[in-house]
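Below: one structure, written as structure tokens.
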Amino acid sequence: GTLTCNQMDFLKCSIAGTSYGVRASEVELAAAKQMAMDLEELGEQVKNTTQRYSKLASKTLSDDFELETVITASDDNDRKHTGVKGFSFEDNRLMDENWLNEPNSDDILMFFRILAVCHTAIPEVDEDTGKCTYEAESPDEVAFLVAAKEFGFEFTKRTQSSVFITERFSPSGHPVDREYKILNLLDFTSKRKRMSA
């Protein structure tokens, strides 16, 4: 999520113990900047102390110690854009069917199906453009559904008892429509801090 509004972006995921996604979140960027400022301040304090107590030193701390700060680019011009709101994921291992070549492709397949199936959202198709958007209880669900769609697992329909998805990538090479029966829905509670379908 963002620090300023309730807009969710799919940036990273962990599948079967493997981390995917290379972009830094706003929280990570803010933490890195704060750490850099703290280190600079500490460096200045050490430099001042060294100069005060060591008049014999021919070099100052700034000559001996170079502070290196690594911060992921936060300027929007430096980032690749997918052009899809809610999906800022970057990792070639999962994009463009590359996940099929990963050693844990069965786990990745299940992960993508779960993203597309486990939610309470309702798809809305614009009849003029044919574009599908999602109405959901939370922006988290929308971000997960947008990610699933970008990975090739599009949620297309919901009934009282089933969820329908279209999988773009199948062994046959043609999109496959699948129906998943909803067995139970456990709503989000403040005690569980999660919902499950």
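We label chains A, B, ... in the order they appear in the structure tokens, count residues from 1 in each chain, and number ligands from 1 in the order shown.
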**OP:** For region 150-152 of chain A, work out the shell of residues within 9 Å, counting only C-alpha atoms and skipping chain neighbours fewer than 3 positions away, then give it as a list in words.
**Re:**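 Once the nearby chain positions are removed, what remains is Val84, Phe87, Leu94, Met95, Asp96, Glu97, Phe112, Leu145, Val146, Ala147, Thr166, Glu167, Arg168 and Phe169 of chain A.
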**OP:** Find the spatial neighbours of region 128-136 of chain A, counting only C-alpha atoms, within a cut-off of 12 Å - ignore same-chain residues fewer than 5 positions away - and output them as a PyMOL selection string.
**Re:** chain A and resi 84-86+116+118-123+141-146+149+154-158
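Of note, CA of Ser19 (chain A) and CA of Leu186 (chain A) are spaced 27.3 Å apart.
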Could you list, as a compact mmCIF listing (two decimals) with N, CA and C atoms, in the first residue's frame, every residue within 12 Å of Pro103 (chain A), counting only C-alpha atoms and ignoring same-chain residues fewer than 4 positions away?
```txt
# COMPACT_ATOMS: atom_id res chain seq x y z
N ILE A 15 6.72 -17.14 -3.31
CA ILE A 15 6.05 -18.37 -3.72
C ILE A 15 6.96 -19.54 -3.39
N ALA A 16 6.48 -20.42 -2.53
CA ALA A 16 7.23 -21.62 -2.12
C ALA A 16 8.63 -21.25 -1.63
N THR A 18 10.47 -18.67 -2.42
CA THR A 18 11.27 -17.87 -3.35
C THR A 18 10.63 -16.49 -3.48
N ARG A 93 11.43 -13.30 -14.19
CA ARG A 93 11.25 -14.74 -13.94
C ARG A 93 9.79 -15.15 -14.00
N LEU A 94 8.86 -14.21 -13.72
CA LEU A 94 7.44 -14.54 -13.72
C LEU A 94 6.67 -13.94 -14.89
N ASN A 98 7.42 -16.72 -18.49
CA ASN A 98 8.72 -17.21 -18.02
C ASN A 98 8.60 -18.08 -16.78
N TRP A 99 7.52 -17.91 -16.02
CA TRP A 99 7.33 -18.71 -14.81
C TRP A 99 7.22 -20.20 -15.15
N ASP A 107 4.03 -24.83 -8.13
CA ASP A 107 3.68 -23.95 -7.00
C ASP A 107 3.26 -22.57 -7.50
N ILE A 108 3.95 -22.08 -8.52
CA ILE A 108 3.61 -20.77 -9.09
C ILE A 108 2.23 -20.81 -9.73
N LEU A 109 1.93 -21.89 -10.44
CA LEU A 109 0.61 -22.07 -11.04
C LEU A 109 -0.48 -22.01 -9.96
```
Original post:
Which is closest to Val22 (chain A) among A:Asn92, A:Glu127, A:Asp9, A:Asn104, if we use only C-alpha atoms?
Top reply: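 Result for the nearest residue to Val22 (chain A): A:Asn92.
Between CA of Ser88 (chain A) and CA of Gly21 (chain A) the separation is 9.1 Å.
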